[in-house]
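Student: One file is attached below, coords-v4.csv, containing CSV, C-alpha atoms.
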chain,number,residue,atom,x,y,z
A,71,MET,CA,90.6,139.7,79.6
A,72,THR,CA,91.4,139.0,76.0
A,73,ARG,CA,91.9,135.3,75.2
A,74,GLY,CA,95.4,134.3,74.0
A,75,MET,CA,96.2,133.0,70.6
A,76,PHE,CA,96.9,129.3,70.0
A,77,ILE,CA,99.5,128.4,67.4
A,78,ALA,CA,100.5,124.8,66.5
A,79,PHE,CA,103.4,123.6,64.5
A,80,GLU,CA,102.9,120.5,62.4
A,81,GLY,CA,105.0,118.4,60.0
A,82,GLY,CA,106.7,115.1,59.5
A,83,GLU,CA,109.7,113.8,61.3
A,84,ALA,CA,112.8,116.1,61.5
A,85,CYS,CA,111.0,119.1,59.9
A,86,GLY,CA,112.2,121.6,62.5
A,87,LYS,CA,109.1,122.0,64.5
A,88,SER,CA,110.8,121.8,67.9
A,89,THR,CA,113.3,124.5,67.0
A,90,GLN,CA,110.8,126.8,65.3
A,91,SER,CA,108.1,126.5,68.0
A,92,GLN,CA,110.7,127.4,70.7
A,93,ARG,CA,111.9,130.4,68.7
A,94,LEU,CA,108.4,131.7,68.1
A,95,ALA,CA,107.3,131.1,71.7
A,96,THR,CA,110.3,133.1,72.9
A,97,ALA,CA,109.6,135.9,70.5
A,98,ILE,CA,105.9,136.4,71.5
A,99,ASP,CA,106.3,135.4,75.2
A,100,ALA,CA,104.1,132.4,74.7
A,101,VAL,CA,103.7,129.2,76.7
A,102,LEU,CA,105.7,126.6,74.9
A,103,THR,CA,104.4,123.0,75.0
A,104,ARG,CA,104.3,119.8,72.9
A,105,GLU,CA,102.4,116.7,72.1
A,106,PRO,CA,102.6,114.0,73.2
A,107,GLY,CA,104.2,114.8,76.5
A,108,GLY,CA,103.2,118.3,77.5
A,109,THR,CA,102.1,117.2,81.0
A,110,VAL,CA,103.3,114.7,83.6
A,111,ILE,CA,100.7,112.2,82.5
A,112,GLY,CA,101.4,113.0,78.9
A,113,ALA,CA,105.1,112.3,79.4
A,114,GLN,CA,104.2,108.8,80.6
A,115,LEU,CA,102.0,108.3,77.5
A,116,ARG,CA,104.7,109.7,75.3
A,117,ALA,CA,107.1,107.1,76.7
A,118,VAL,CA,104.7,104.3,75.7
A,119,LEU,CA,103.9,105.7,72.3
A,120,LEU,CA,107.5,106.4,71.2
A,121,ASP,CA,109.4,103.5,72.8
A,122,PRO,CA,110.7,101.1,70.1
A,123,GLN,CA,110.1,98.4,72.7
A,124,THR,CA,106.3,99.1,72.5
A,125,VAL,CA,105.1,96.3,70.2
A,126,ASN,CA,101.7,95.1,69.0
A,127,LEU,CA,100.0,98.4,69.9
A,128,SER,CA,96.9,98.4,67.8
A,129,ASP,CA,96.2,101.4,65.6
A,130,ARG,CA,93.0,102.3,67.5
A,131,ALA,CA,94.8,102.0,70.8
A,132,GLU,CA,97.5,104.3,69.5
A,133,ALA,CA,94.9,106.9,68.4
A,134,LEU,CA,93.2,106.7,71.8
A,135,LEU,CA,96.5,107.2,73.7
A,136,MET,CA,97.2,110.2,71.6
A,137,ALA,CA,93.7,111.6,72.3
A,138,ALA,CA,94.2,110.9,76.0
A,139,ASP,CA,97.4,112.9,75.9
A,140,ARG,CA,95.6,115.8,74.1
A,141,ALA,CA,92.7,115.8,76.5
A,142,GLN,CA,95.1,116.2,79.5
A,143,HIS,CA,97.2,118.7,77.6
A,144,VAL,CA,94.3,121.0,76.9
A,145,ALA,CA,92.8,120.7,80.4
A,146,GLU,CA,96.0,121.2,82.2
A,147,VAL,CA,98.1,123.5,80.0
A,148,VAL,CA,96.5,124.9,76.9
A,149,GLU,CA,93.1,126.1,77.9
A,150,PRO,CA,94.2,127.7,81.3
A,151,ALA,CA,96.9,129.6,79.5
A,152,LEU,CA,94.6,130.9,76.8
A,153,VAL,CA,91.9,131.9,79.3
A,154,SER,CA,94.5,133.9,81.3
A,155,GLY,CA,95.4,135.8,78.1
A,156,ARG,CA,98.7,134.0,77.4
A,157,HIS,CA,99.5,132.9,73.9
A,158,VAL,CA,100.3,129.2,73.5
A,159,VAL,CA,102.7,127.6,71.0
A,160,SER,CA,102.5,123.8,70.7
A,161,ASP,CA,104.9,121.4,68.9
A,162,ARG,CA,102.2,119.2,67.4
A,163,PHE,CA,98.5,119.1,68.0
A,164,ALA,CA,95.4,117.4,66.5
A,165,GLY,CA,96.8,117.7,62.9
A,166,SER,CA,99.4,115.1,63.8
A,167,SER,CA,96.7,112.6,64.8
A,168,ILE,CA,94.9,113.2,61.6
A,169,ALA,CA,98.1,112.7,59.6
A,170,TYR,CA,99.7,109.9,61.5
A,171,GLN,CA,96.7,107.8,62.8
A,172,GLY,CA,94.4,108.8,60.0
A,173,HIS,CA,96.4,109.0,56.8
A,174,GLY,CA,99.4,107.0,58.1
A,175,ARG,CA,97.6,104.1,59.8
A,176,GLY,CA,94.6,104.2,57.6
A,177,LEU,CA,92.0,104.9,60.3
A,178,PRO,CA,88.9,107.0,59.2
A,179,VAL,CA,90.2,110.6,59.1
A,180,SER,CA,86.8,112.1,60.1
A,181,GLU,CA,86.6,109.8,63.2
A,182,ILE,CA,90.2,110.8,64.2
A,183,ARG,CA,89.2,114.5,63.8
A,184,ASP,CA,86.0,114.0,65.8
A,185,LEU,CA,87.9,112.2,68.5
A,186,SER,CA,90.4,115.1,68.9
A,187,LEU,CA,87.5,117.6,69.0
A,188,TRP,CA,85.9,115.6,71.8
A,189,ALA,CA,89.2,115.3,73.6
A,190,THR,CA,89.8,119.0,73.5
A,191,GLY,CA,86.3,120.1,74.2
A,192,GLY,CA,86.5,122.0,70.8
A,193,VAL,CA,89.7,123.8,71.5
A,194,TRP,CA,91.6,124.2,68.2
A,195,PRO,CA,94.6,126.3,67.1
A,196,ASP,CA,94.0,129.8,65.6
A,197,LEU,CA,96.9,129.2,63.3
A,198,ILE,CA,98.7,125.9,62.2
A,199,VAL,CA,102.1,126.2,60.7
A,200,LEU,CA,103.1,123.2,58.5
A,201,LEU,CA,106.9,122.9,58.1
A,202,ASP,CA,107.2,121.0,54.8
A,203,VAL,CA,110.4,119.1,54.3
A,204,PRO,CA,111.0,116.5,51.5
A,205,GLU,CA,111.1,112.9,52.7
A,206,ALA,CA,114.7,112.4,51.6
A,207,GLU,CA,115.8,115.5,53.6
A,208,ALA,CA,113.9,114.4,56.6
A,209,ASP,CA,115.4,110.9,56.4
A,210,PHE,CA,118.9,112.4,56.2
A,211,ARG,CA,118.2,114.6,59.3
A,212,LEU,CA,116.9,111.8,61.4
A,213,GLY,CA,120.1,109.7,61.2
A,214,SER,CA,120.2,106.2,62.6
A,215,SER,CA,118.9,106.5,66.1
A,216,ARG,CA,115.1,106.5,65.8
A,217,ASP,CA,112.0,106.2,68.1
A,218,ARG,CA,109.0,104.0,67.4
A,219,MET,CA,107.3,106.5,65.0
A,220,GLU,CA,110.5,107.5,63.3
A,221,SER,CA,111.3,103.8,62.6
A,222,GLU,CA,108.2,103.3,60.5
A,223,PRO,CA,108.8,102.6,56.8
A,224,ALA,CA,109.1,105.3,54.1
A,225,SER,CA,105.6,104.5,52.8
A,226,PHE,CA,104.1,105.4,56.1
A,227,HIS,CA,106.0,108.7,56.3
A,228,ALA,CA,105.0,109.5,52.8
A,229,ALA,CA,101.3,109.0,53.7
A,230,VAL,CA,101.8,111.2,56.8
A,231,ILE,CA,103.3,114.0,54.8
A,232,GLU,CA,100.4,113.9,52.3
A,233,GLY,CA,98.0,113.9,55.2
A,234,PHE,CA,99.5,117.1,56.4
A,235,ARG,CA,99.4,118.7,53.0
A,236,SER,CA,95.8,117.7,52.4
A,237,GLN,CA,94.7,119.3,55.7
A,238,ALA,CA,96.5,122.5,54.8
A,239,ALA,CA,94.9,122.6,51.4
A,240,ALA,CA,91.5,122.0,52.9
A,241,GLU,CA,91.8,124.8,55.4
A,242,PRO,CA,93.9,127.6,54.0
A,243,ASP,CA,92.5,130.2,56.4
A,244,ARG,CA,93.8,128.2,59.4
A,245,TRP,CA,96.9,126.5,57.9
A,246,VAL,CA,100.0,128.0,56.3
A,247,VAL,CA,102.7,125.9,54.6
A,248,ILE,CA,106.3,127.0,55.0
A,249,ASP,CA,109.3,125.4,53.4
A,250,GLY,CA,111.4,123.8,56.2
A,251,THR,CA,114.6,123.2,54.1
A,252,PRO,CA,116.3,126.7,54.3
A,253,SER,CA,118.4,127.8,57.3
A,254,ILE,CA,116.9,128.0,60.8
A,255,GLU,CA,117.0,131.8,60.6
A,256,GLU,CA,115.3,131.9,57.2
A,257,VAL,CA,112.5,129.6,58.3
A,258,SER,CA,112.0,131.7,61.5
A,259,ALA,CA,111.7,134.8,59.4
A,260,ALA,CA,109.0,133.2,57.3
A,261,VAL,CA,107.2,131.9,60.4
A,262,PHE,CA,107.4,135.3,62.1
A,263,ALA,CA,106.1,137.1,59.0
A,264,VAL,CA,103.1,134.8,58.8
A,265,VAL,CA,102.2,135.0,62.5
A,266,ALA,CA,102.5,138.8,62.3
A,267,GLU,CA,100.2,139.0,59.3
A,268,ARG,CA,97.6,136.3,60.2
A,269,LEU,CA,97.3,137.0,64.0
A,270,GLN,CA,98.4,140.7,64.1
A,271,LEU,CA,101.0,139.9,66.7
A,272,PRO,CA,104.0,142.2,67.0
A,273,LEU,CA,107.3,140.5,66.1
Could you write out this structure as structure tokens?
Tutor:
Amino acid sequence: MTRGMFIAFEGGEACGKSTQSQRLATAIDAVLTREPGGTVIGAQLRAVLLDPQTVNLSDRAEALLMAADRAQHVAEVVEPALVSGRHVVSDRFAGSSIAYQGHGRGLPVSEIRDLSLWATGGVWPDLIVLLDVPEAEADFRLGSSRDRMESEPASFHAAVIEGFRSQAAAEPDRWVVIDGTPSIEEVSAAVFAVVAERLQLPL
């Protein structure tokens, strides 16, 4: 049986990942999932990680909780689907840990990447779609009700965005950058075109 394709959407807050991952998954009949929170255990970890009431969580503890979520996610959802021949579309994956805990928190990027590789047993997306939205636009989209990550200062989010861009620049064969500011339909058209070209999937 042919192994399914694994596509991850990455980007800063309010870039449109959730909407676009859902649209693509529907179009290619893929398993739609997300990080953190793609499993029952992951949902519990997500609650801790994003709750504004979670205080004094150390940067390394945060990175380990994200890795724990990813390990469970791959073992329970991603790898079984891929092995069965299903495509998988995930709203965030390891690129987010590298951007948020590496570039954002200032932890060693190489160590965060290695931690994710260990957590996933080497499972990595075939294609990573970075939806790039300027900080001012993302801030406007977020509004006033924000979770723990969304509430971080502008300097943190700027570092995260640069972290995503640097990853995309370093691995152009795996990453593609798409402007996330146009209409939902226009962004979807750009995403579908890239997926059809890169992975030879009918859309």
Student: Excluding Arg116 (chain A) and any residue of its chain fewer than 6 positions from it, enumerate the residues within 12 Å of it, using all atoms listed in the file, and give them as a list in words.
Tutor: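 Selected residues are Arg104, Glu105, Pro106, Gly107, Gly108, Thr109, Val110, Pro122, Thr124, Glu132, Leu135, Met136, Ala137, Ala138, Asp139, Arg140, His143, Asp217, Arg218 and Met219 of chain A.
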Student: Kindly export the residues of the current selection with C-alpha atoms, as a JSON list (two decimals), keeping the file's coordinate frame.
Tutor:
[["chain", "number", "residue", "atom", "x", "y", "z"],
["A", 104, "ARG", "CA", 104.30, 119.80, 72.90],
["A", 105, "GLU", "CA", 102.40, 116.70, 72.10],
["A", 106, "PRO", "CA", 102.60, 114.00, 73.20],
["A", 107, "GLY", "CA", 104.20, 114.80, 76.50],
["A", 108, "GLY", "CA", 103.20, 118.30, 77.50],
["A", 109, "THR", "CA", 102.10, 117.20, 81.00],
["A", 110, "VAL", "CA", 103.30, 114.70, 83.60],
["A", 122, "PRO", "CA", 110.70, 101.10, 70.10],
["A", 124, "THR", "CA", 106.30, 99.10, 72.50],
["A", 132, "GLU", "CA", 97.50, 104.30, 69.50],
["A", 135, "LEU", "CA", 96.50, 107.20, 73.70],
["A", 136, "MET", "CA", 97.20, 110.20, 71.60],
["A", 137, "ALA", "CA", 93.70, 111.60, 72.30],
["A", 138, "ALA", "CA", 94.20, 110.90, 76.00],
["A", 139, "ASP", "CA", 97.40, 112.90, 75.90],
["A", 140, "ARG", "CA", 95.60, 115.80, 74.10],
["A", 143, "HIS", "CA", 97.20, 118.70, 77.60],
["A", 217, "ASP", "CA", 112.00, 106.20, 68.10],
["A", 218, "ARG", "CA", 109.00, 104.00, 67.40],
["A", 219, "MET", "CA", 107.30, 106.50, 65.00]]
Student: How many Å lie between CA of Asp243 (chain A) and CA of Ala259 (chain A), rounded to one decimal?
Tutor: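 Separating CA of Asp243 (chain A) from CA of Ala259 (chain A) is a distance of 20.0 Å.
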Student: Mind pulling up the distance from CA of Gln142 (chain A) to CA of Gln114 (chain A)?
Tutor: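 Separation of CA of Gln114 (chain A) and CA of Gln142 (chain A): 11.8 Å.
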Student: Within 9 Å of region 161-171 of chain A, which residues of region 196-228 of chain A come that close, and what is the closest atom pair and distance in Å for each? Count all atoms listed in the file and give it as JSON lines.
Tutor:
{"residue": "A:Ile198", "atom": "CA", "partner": "A:Gly165", "partner_atom": "CA", "distance": 8.4}
{"residue": "A:Phe226", "atom": "CA", "partner": "A:Tyr170", "partner_atom": "CA", "distance": 8.3}
{"residue": "A:His227", "atom": "CA", "partner": "A:Tyr170", "partner_atom": "CA", "distance": 8.3}
Student: Under the rule that only C-alpha atoms are counted, which of A:Leu269, A:Val199, A:Val193, A:Ala113 is the nearest residue to Val153 (chain A)?
Tutor: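 Selected residue with least distance to Val153 (chain A): A:Val193.
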Student: When you draw a straight line from CA of His157 (chain A) to CA of Thr72 (chain A), how long is it in Å?
Tutor: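 Going from CA of His157 (chain A) over to CA of Thr72 (chain A), I get 10.4 Å.
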Student: Of the candidates A:Glu181, A:Asp196, A:Glu146, A:Asp121, which shows the shortest atom-to-atom distance to Phe79 (chain A), using all atoms listed in the file?
Tutor: A:Asp196
